[in-house]
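Here the structure comes first, spelled out in structure tokens, and everything after it is commentary.
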Amino acid sequence: SKVPFTGWVQMIAYAGFTEAKANYDEDVKNTPGDMGWKPPLLATEDPDTKTRRLNAELANGRLAMMAIIGMFFQDGLTGSAWGDWENYVDSPLRAFENELGVQAPVGFFDPIGFTKDGDEQSFKRRRSVEIKHGRICMLATMGYITPEITGKFPGFLSPSEGLKFADVPNGLAAISKVPFTGWVQMIAYAGFTEAK
């Protein structure tokens with residue numbers, strides 16, 4: 001709001017000048033990013049070094065693009081790119097900022113905005129579902145890791161089908177080895193725990 005009109009004219013004119021003079025079409029036909037400028041101590045003709053440096057520039061450029069958008073966003077909400085989120089008093093997240101699960105350094109994390117309506121009942125339902133799913137995933141993670149470390153149970157998983165525990169591979173490959181009645185049992189048990 002403080003930049004005068006002539007300042008905006010100068011910036012836009014300079015941006016247009018650099019766009020017109022940079023000859024980006026030729027840049028695309030040749031090596032992307034190679035504008036012919038060879039700064040002292042940084043320029044190299046070694047193809048491996050040049051590739052490594054261009055990859056680093058791409059990675060840093062992607063990070064910088066995310067950073068500047070985040071800084072614009074934070075500046076717009078708090079009045080400063082380094083603004084304290086406490087200054088964003090209109091945040092719909094204020095309703096739940098002291099609830100279970102709000103942890104540093106992220107604080108209240110709701111990137112999709114499920115809680116922007118401030119509905120406490122919906123929040124509590126989602127929080128309980130999150131806890132339940134987290135517990136299941138912790139068990140699933142251990143179930144994925146444990147057979148790799150400790151091995152399999154001895155004996156049969158399904159005596160009627162002649163399927164031993166040792167015959168079931170680890171990981172996702174196990175899905176195809178579980179007999180139909182096994183799936184029925186698991187789904188029935190999951191339904192029972194949901195109902196009870």
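So you can find residues: chains in the structure tokens are A, B, ... in the order shown, residues in each start at 1, and ligands are numbered from 1 in order.
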Report the residues of chain A whose backbone DSSP state falls under strand (DSSP E), written as a PDB file with all heavy atoms, in the first residue's frame.
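That gives us states13.pdb:
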```
ATOM      1  N   PHE A 156      -0.154 -74.541  11.546  1.00  0.00           N
ATOM      2  CA  PHE A 156      -1.068 -74.188  10.472  1.00  0.00           C
ATOM      3  C   PHE A 156      -1.887 -72.943  10.791  1.00  0.00           C
ATOM      4  O   PHE A 156      -2.411 -72.790  11.885  1.00  0.00           O
ATOM      5  CB  PHE A 156      -2.026 -75.354  10.181  1.00  0.00           C
ATOM      6  CG  PHE A 156      -1.362 -76.493   9.480  1.00  0.00           C
ATOM      7  CD1 PHE A 156      -0.747 -77.520  10.191  1.00  0.00           C
ATOM      8  CD2 PHE A 156      -1.343 -76.551   8.090  1.00  0.00           C
ATOM      9  CE1 PHE A 156      -0.129 -78.559   9.541  1.00  0.00           C
ATOM     10  CE2 PHE A 156      -0.731 -77.591   7.434  1.00  0.00           C
ATOM     11  CZ  PHE A 156      -0.113 -78.606   8.152  1.00  0.00           C
ATOM     12  N   LEU A 157      -2.021 -72.105   9.778  1.00  0.00           N
ATOM     13  CA  LEU A 157      -2.923 -70.963   9.838  1.00  0.00           C
ATOM     14  C   LEU A 157      -4.346 -71.439   9.540  1.00  0.00           C
ATOM     15  O   LEU A 157      -5.304 -71.012  10.166  1.00  0.00           O
ATOM     16  CB  LEU A 157      -2.490 -69.896   8.817  1.00  0.00           C
ATOM     17  CG  LEU A 157      -3.408 -68.704   8.612  1.00  0.00           C
ATOM     18  CD1 LEU A 157      -3.494 -67.874   9.873  1.00  0.00           C
ATOM     19  CD2 LEU A 157      -2.919 -67.831   7.472  1.00  0.00           C
ATOM     20  N   SER A 158      -4.448 -72.346   8.572  1.00  0.00           N
ATOM     21  CA  SER A 158      -5.747 -72.926   8.199  1.00  0.00           C
ATOM     22  C   SER A 158      -5.541 -74.415   7.946  1.00  0.00           C
ATOM     23  O   SER A 158      -5.182 -74.808   6.826  1.00  0.00           O
ATOM     24  CB  SER A 158      -6.302 -72.241   6.954  1.00  0.00           C
ATOM     25  OG  SER A 158      -7.497 -72.858   6.545  1.00  0.00           O
ATOM     26  N   LEU A 163      -2.814 -74.641   4.944  1.00  0.00           N
ATOM     27  CA  LEU A 163      -2.026 -73.408   4.850  1.00  0.00           C
ATOM     28  C   LEU A 163      -1.268 -73.176   6.149  1.00  0.00           C
ATOM     29  O   LEU A 163      -1.869 -72.996   7.201  1.00  0.00           O
ATOM     30  CB  LEU A 163      -2.960 -72.224   4.553  1.00  0.00           C
ATOM     31  CG  LEU A 163      -2.289 -70.871   4.378  1.00  0.00           C
ATOM     32  CD1 LEU A 163      -1.391 -70.856   3.143  1.00  0.00           C
ATOM     33  CD2 LEU A 163      -3.334 -69.766   4.288  1.00  0.00           C
ATOM     34  N   LYS A 164       0.069 -73.221   6.065  1.00  0.00           N
ATOM     35  CA  LYS A 164       0.916 -72.989   7.239  1.00  0.00           C
ATOM     36  C   LYS A 164       1.225 -71.490   7.359  1.00  0.00           C
ATOM     37  O   LYS A 164       1.209 -70.751   6.376  1.00  0.00           O
ATOM     38  CB  LYS A 164       2.219 -73.766   7.116  1.00  0.00           C
ATOM     39  CG  LYS A 164       2.044 -75.266   7.116  1.00  0.00           C
ATOM     40  CD  LYS A 164       3.398 -75.947   7.009  1.00  0.00           C
ATOM     41  CE  LYS A 164       3.233 -77.464   7.046  1.00  0.00           C
ATOM     42  NZ  LYS A 164       4.523 -78.154   6.906  1.00  0.00           N
TER      43      LYS A 164
END
```
